[in-house]
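Asker: This structure is in structure tokens; I'll ask about it shortly.
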Amino acid sequence: MNTIRSKVVQHLEVIPDNKLPEVLSFLNYLVWQSENPQTQEDTDWLESDLSSLEKYEPYEWQEGELEEGIPVKFIPETGEIKIGV
């Protein structure tokens, strides 16, 4: 096992059990991210100004479309949008 992997494992031993779901969620995100690299189109959309979305009509989802999408999370404090969480 390499040095960094060993340090990760050591840290996992001291993380409280109630924090492990957050760690697992983040690890799942990292795995997903490595399997689904962002395209330039993704980056452009995520970094765009979304402040005027109210000017657009709501999108009418078709049956089954929501299950096909990739989950995103908006962090209001930073304005950051995280993919795959």
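Following the order of the structure tokens, first chain is A, next is B, and so on, with residues numbered from 1 inside each chain and ligands from 1 in the order they appear.
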Which parts of chain A does DSSP call alpha helix (DSSP H) when run on the backbone here, written out as a PDB file with N, CA, C and O atoms, in the first residue's frame?

Answerer:
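This went into out_34.pdb:
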```pdb
ATOM      1  N   THR A   3       2.066   5.274   0.441  1.00  0.00           N
ATOM      2  CA  THR A   3       2.060   6.129   1.623  1.00  0.00           C
ATOM      3  C   THR A   3       0.764   6.913   1.780  1.00  0.00           C
ATOM      4  O   THR A   3       0.197   6.971   2.882  1.00  0.00           O
ATOM      5  N   ILE A   4       0.286   7.516   0.720  1.00  0.00           N
ATOM      6  CA  ILE A   4      -0.941   8.318   0.816  1.00  0.00           C
ATOM      7  C   ILE A   4      -2.130   7.429   1.155  1.00  0.00           C
ATOM      8  O   ILE A   4      -2.949   7.766   2.015  1.00  0.00           O
ATOM      9  N   ARG A   5      -2.224   6.265   0.512  1.00  0.00           N
ATOM     10  CA  ARG A   5      -3.325   5.334   0.798  1.00  0.00           C
ATOM     11  C   ARG A   5      -3.274   4.909   2.271  1.00  0.00           C
ATOM     12  O   ARG A   5      -4.299   4.817   2.937  1.00  0.00           O
ATOM     13  N   SER A   6      -2.082   4.673   2.789  1.00  0.00           N
ATOM     14  CA  SER A   6      -1.931   4.295   4.202  1.00  0.00           C
ATOM     15  C   SER A   6      -2.409   5.413   5.120  1.00  0.00           C
ATOM     16  O   SER A   6      -3.070   5.162   6.132  1.00  0.00           O
ATOM     17  N   LYS A   7      -2.085   6.653   4.778  1.00  0.00           N
ATOM     18  CA  LYS A   7      -2.536   7.793   5.591  1.00  0.00           C
ATOM     19  C   LYS A   7      -4.055   7.913   5.574  1.00  0.00           C
ATOM     20  O   LYS A   7      -4.669   8.198   6.609  1.00  0.00           O
ATOM     21  N   VAL A   8      -4.658   7.678   4.420  1.00  0.00           N
ATOM     22  CA  VAL A   8      -6.124   7.728   4.328  1.00  0.00           C
ATOM     23  C   VAL A   8      -6.734   6.673   5.244  1.00  0.00           C
ATOM     24  O   VAL A   8      -7.657   6.953   6.016  1.00  0.00           O
ATOM     25  N   VAL A   9      -6.215   5.466   5.182  1.00  0.00           N
ATOM     26  CA  VAL A   9      -6.724   4.376   6.021  1.00  0.00           C
ATOM     27  C   VAL A   9      -6.541   4.708   7.498  1.00  0.00           C
ATOM     28  O   VAL A   9      -7.447   4.491   8.313  1.00  0.00           O
ATOM     29  N   GLN A  10      -5.397   5.275   7.875  1.00  0.00           N
ATOM     30  CA  GLN A  10      -5.157   5.652   9.273  1.00  0.00           C
ATOM     31  C   GLN A  10      -6.184   6.693   9.725  1.00  0.00           C
ATOM     32  O   GLN A  10      -6.714   6.605  10.837  1.00  0.00           O
ATOM     33  N   HIS A  11      -6.466   7.658   8.880  1.00  0.00           N
ATOM     34  CA  HIS A  11      -7.438   8.695   9.247  1.00  0.00           C
ATOM     35  C   HIS A  11      -8.842   8.112   9.388  1.00  0.00           C
ATOM     36  O   HIS A  11      -9.618   8.551  10.240  1.00  0.00           O
ATOM     37  N   LEU A  12      -9.158   7.125   8.569  1.00  0.00           N
ATOM     38  CA  LEU A  12     -10.480   6.504   8.662  1.00  0.00           C
ATOM     39  C   LEU A  12     -10.689   5.846  10.019  1.00  0.00           C
ATOM     40  O   LEU A  12     -11.805   5.765  10.520  1.00  0.00           O
ATOM     41  N   GLU A  13      -9.611   5.359  10.610  1.00  0.00           N
ATOM     42  CA  GLU A  13      -9.709   4.692  11.906  1.00  0.00           C
ATOM     43  C   GLU A  13     -10.124   5.647  13.031  1.00  0.00           C
ATOM     44  O   GLU A  13     -10.690   5.209  14.029  1.00  0.00           O
ATOM     45  N   VAL A  14      -9.844   6.936  12.888  1.00  0.00           N
ATOM     46  CA  VAL A  14     -10.148   7.882  13.975  1.00  0.00           C
ATOM     47  C   VAL A  14     -11.376   8.757  13.698  1.00  0.00           C
ATOM     48  O   VAL A  14     -11.800   9.497  14.567  1.00  0.00           O
ATOM     49  N   LEU A  20     -18.838   8.845   9.088  1.00  0.00           N
ATOM     50  CA  LEU A  20     -18.487   7.910   8.019  1.00  0.00           C
ATOM     51  C   LEU A  20     -19.422   7.987   6.809  1.00  0.00           C
ATOM     52  O   LEU A  20     -18.951   7.866   5.677  1.00  0.00           O
ATOM     53  N   PRO A  21     -20.743   8.214   6.983  1.00  0.00           N
ATOM     54  CA  PRO A  21     -21.581   8.370   5.785  1.00  0.00           C
ATOM     55  C   PRO A  21     -21.146   9.542   4.904  1.00  0.00           C
ATOM     56  O   PRO A  21     -21.192   9.449   3.675  1.00  0.00           O
ATOM     57  N   GLU A  22     -20.687  10.637   5.517  1.00  0.00           N
ATOM     58  CA  GLU A  22     -20.197  11.773   4.730  1.00  0.00           C
ATOM     59  C   GLU A  22     -18.928  11.398   3.978  1.00  0.00           C
ATOM     60  O   GLU A  22     -18.744  11.782   2.816  1.00  0.00           O
ATOM     61  N   VAL A  23     -18.048  10.655   4.647  1.00  0.00           N
ATOM     62  CA  VAL A  23     -16.802  10.221   4.012  1.00  0.00           C
ATOM     63  C   VAL A  23     -17.127   9.314   2.828  1.00  0.00           C
ATOM     64  O   VAL A  23     -16.585   9.471   1.732  1.00  0.00           O
ATOM     65  N   LEU A  24     -18.043   8.377   3.039  1.00  0.00           N
ATOM     66  CA  LEU A  24     -18.427   7.459   1.969  1.00  0.00           C
ATOM     67  C   LEU A  24     -19.053   8.216   0.799  1.00  0.00           C
ATOM     68  O   LEU A  24     -18.747   7.935  -0.364  1.00  0.00           O
ATOM     69  N   SER A  25     -19.892   9.180   1.095  1.00  0.00           N
ATOM     70  CA  SER A  25     -20.513   9.984   0.048  1.00  0.00           C
ATOM     71  C   SER A  25     -19.450  10.703  -0.781  1.00  0.00           C
ATOM     72  O   SER A  25     -19.501  10.727  -2.017  1.00  0.00           O
ATOM     73  N   PHE A  26     -18.461  11.279  -0.104  1.00  0.00           N
ATOM     74  CA  PHE A  26     -17.390  11.979  -0.811  1.00  0.00           C
ATOM     75  C   PHE A  26     -16.560  11.010  -1.642  1.00  0.00           C
ATOM     76  O   PHE A  26     -16.217  11.297  -2.789  1.00  0.00           O
ATOM     77  N   LEU A  27     -16.240   9.850  -1.071  1.00  0.00           N
ATOM     78  CA  LEU A  27     -15.474   8.852  -1.821  1.00  0.00           C
ATOM     79  C   LEU A  27     -16.254   8.383  -3.047  1.00  0.00           C
ATOM     80  O   LEU A  27     -15.681   8.208  -4.134  1.00  0.00           O
ATOM     81  N   ASN A  28     -17.566   8.179  -2.890  1.00  0.00           N
ATOM     82  CA  ASN A  28     -18.395   7.797  -4.031  1.00  0.00           C
ATOM     83  C   ASN A  28     -18.352   8.875  -5.109  1.00  0.00           C
ATOM     84  O   ASN A  28     -18.289   8.574  -6.304  1.00  0.00           O
ATOM     85  N   TYR A  29     -18.379  10.134  -4.681  1.00  0.00           N
ATOM     86  CA  TYR A  29     -18.286  11.239  -5.630  1.00  0.00           C
ATOM     87  C   TYR A  29     -16.945  11.205  -6.371  1.00  0.00           C
ATOM     88  O   TYR A  29     -16.897  11.375  -7.588  1.00  0.00           O
ATOM     89  N   LEU A  30     -15.853  10.984  -5.658  1.00  0.00           N
ATOM     90  CA  LEU A  30     -14.546  10.933  -6.301  1.00  0.00           C
ATOM     91  C   LEU A  30     -14.457   9.798  -7.316  1.00  0.00           C
ATOM     92  O   LEU A  30     -13.891   9.964  -8.408  1.00  0.00           O
ATOM     93  N   VAL A  31     -15.025   8.652  -6.968  1.00  0.00           N
ATOM     94  CA  VAL A  31     -15.039   7.524  -7.906  1.00  0.00           C
ATOM     95  C   VAL A  31     -15.875   7.896  -9.126  1.00  0.00           C
ATOM     96  O   VAL A  31     -15.453   7.697 -10.268  1.00  0.00           O
ATOM     97  N   TRP A  32     -17.064   8.445  -8.886  1.00  0.00           N
ATOM     98  CA  TRP A  32     -17.931   8.853  -9.990  1.00  0.00           C
ATOM     99  C   TRP A  32     -17.220   9.864 -10.887  1.00  0.00           C
ATOM    100  O   TRP A  32     -17.258   9.763 -12.113  1.00  0.00           O
ATOM    101  N   GLN A  33     -16.563  10.846 -10.257  1.00  0.00           N
ATOM    102  CA  GLN A  33     -15.877  11.899 -11.000  1.00  0.00           C
ATOM    103  C   GLN A  33     -14.768  11.315 -11.884  1.00  0.00           C
ATOM    104  O   GLN A  33     -14.573  11.749 -13.018  1.00  0.00           O
ATOM    105  N   SER A  34     -14.047  10.329 -11.366  1.00  0.00           N
ATOM    106  CA  SER A  34     -12.976   9.730 -12.163  1.00  0.00           C
ATOM    107  C   SER A  34     -13.533   8.922 -13.335  1.00  0.00           C
ATOM    108  O   SER A  34     -12.882   8.797 -14.372  1.00  0.00           O
ATOM    109  N   GLU A  35     -14.738   8.403 -13.177  1.00  0.00           N
ATOM    110  CA  GLU A  35     -15.369   7.628 -14.247  1.00  0.00           C
ATOM    111  C   GLU A  35     -16.129   8.523 -15.226  1.00  0.00           C
ATOM    112  O   GLU A  35     -16.479   8.082 -16.320  1.00  0.00           O
ATOM    113  N   GLN A  40     -15.894  20.353 -21.384  1.00  0.00           N
ATOM    114  CA  GLN A  40     -15.844  21.813 -21.393  1.00  0.00           C
ATOM    115  C   GLN A  40     -17.252  22.393 -21.317  1.00  0.00           C
ATOM    116  O   GLN A  40     -17.490  23.394 -20.661  1.00  0.00           O
ATOM    117  N   GLU A  41     -18.208  21.719 -21.951  1.00  0.00           N
ATOM    118  CA  GLU A  41     -19.603  22.168 -21.889  1.00  0.00           C
ATOM    119  C   GLU A  41     -20.114  22.139 -20.451  1.00  0.00           C
ATOM    120  O   GLU A  41     -20.797  23.062 -20.007  1.00  0.00           O
ATOM    121  N   ASP A  42     -19.793  21.081 -19.704  1.00  0.00           N
ATOM    122  CA  ASP A  42     -20.187  20.989 -18.292  1.00  0.00           C
ATOM    123  C   ASP A  42     -19.602  22.157 -17.503  1.00  0.00           C
ATOM    124  O   ASP A  42     -20.300  22.818 -16.734  1.00  0.00           O
ATOM    125  N   THR A  43     -18.316  22.385 -17.676  1.00  0.00           N
ATOM    126  CA  THR A  43     -17.624  23.455 -16.955  1.00  0.00           C
ATOM    127  C   THR A  43     -18.221  24.814 -17.296  1.00  0.00           C
ATOM    128  O   THR A  43     -18.487  25.624 -16.405  1.00  0.00           O
ATOM    129  N   ASP A  44     -18.452  25.066 -18.576  1.00  0.00           N
ATOM    130  CA  ASP A  44     -19.036  26.341 -18.993  1.00  0.00           C
ATOM    131  C   ASP A  44     -20.402  26.554 -18.351  1.00  0.00           C
ATOM    132  O   ASP A  44     -20.722  27.641 -17.877  1.00  0.00           O
ATOM    133  N   TRP A  45     -21.233  25.501 -18.341  1.00  0.00           N
ATOM    134  CA  TRP A  45     -22.573  25.629 -17.762  1.00  0.00           C
ATOM    135  C   TRP A  45     -22.493  25.874 -16.261  1.00  0.00           C
ATOM    136  O   TRP A  45     -23.179  26.742 -15.719  1.00  0.00           O
ATOM    137  N   LEU A  46     -21.639  25.122 -15.569  1.00  0.00           N
ATOM    138  CA  LEU A  46     -21.538  25.256 -14.117  1.00  0.00           C
ATOM    139  C   LEU A  46     -20.994  26.617 -13.695  1.00  0.00           C
ATOM    140  O   LEU A  46     -21.317  27.115 -12.625  1.00  0.00           O
ATOM    141  N   GLU A  65     -37.190  10.865 -17.188  1.00  0.00           N
ATOM    142  CA  GLU A  65     -36.045  11.748 -17.427  1.00  0.00           C
ATOM    143  C   GLU A  65     -35.266  12.073 -16.154  1.00  0.00           C
ATOM    144  O   GLU A  65     -34.039  12.156 -16.189  1.00  0.00           O
ATOM    145  N   LEU A  66     -35.961  12.275 -15.059  1.00  0.00           N
ATOM    146  CA  LEU A  66     -35.279  12.640 -13.817  1.00  0.00           C
ATOM    147  C   LEU A  66     -34.315  11.554 -13.364  1.00  0.00           C
ATOM    148  O   LEU A  66     -33.253  11.845 -12.819  1.00  0.00           O
ATOM    149  N   GLU A  67     -34.678  10.307 -13.593  1.00  0.00           N
ATOM    150  CA  GLU A  67     -33.819   9.202 -13.179  1.00  0.00           C
ATOM    151  C   GLU A  67     -32.559   9.104 -14.043  1.00  0.00           C
ATOM    152  O   GLU A  67     -31.571   8.522 -13.649  1.00  0.00           O
ATOM    153  N   GLU A  68     -32.564   9.694 -15.233  1.00  0.00           N
ATOM    154  CA  GLU A  68     -31.422   9.631 -16.134  1.00  0.00           C
ATOM    155  C   GLU A  68     -30.363  10.683 -15.811  1.00  0.00           C
ATOM    156  O   GLU A  68     -29.232  10.567 -16.240  1.00  0.00           O
TER     157      GLU A  68
END
```

Asker: Using only C-alpha atoms, which of the listed residues (A:Gly69, A:Pro37, A:Gly79, A:Gly64) sits closest to Leu50 (chain A)?

Answerer: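 The closest residue to Leu50 (chain A) is A:Gly79.
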
Asker: Would you give me, as a list in words, the residues in chain A that DSSP reads as strand (DSSP E)?

Answerer: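 Taking chain A and keeping strand (DSSP E) gives Val72, Lys73, Phe74, Ile75, Glu80, Ile81, Lys82 and Ile83 of chain A.
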
Asker: Interatomic distance between CA of Glu47 (chain A) and CA of Lys73 (chain A)?

Answerer: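 Going from CA of Glu47 (chain A) over to CA of Lys73 (chain A), I get 13.8 Å.
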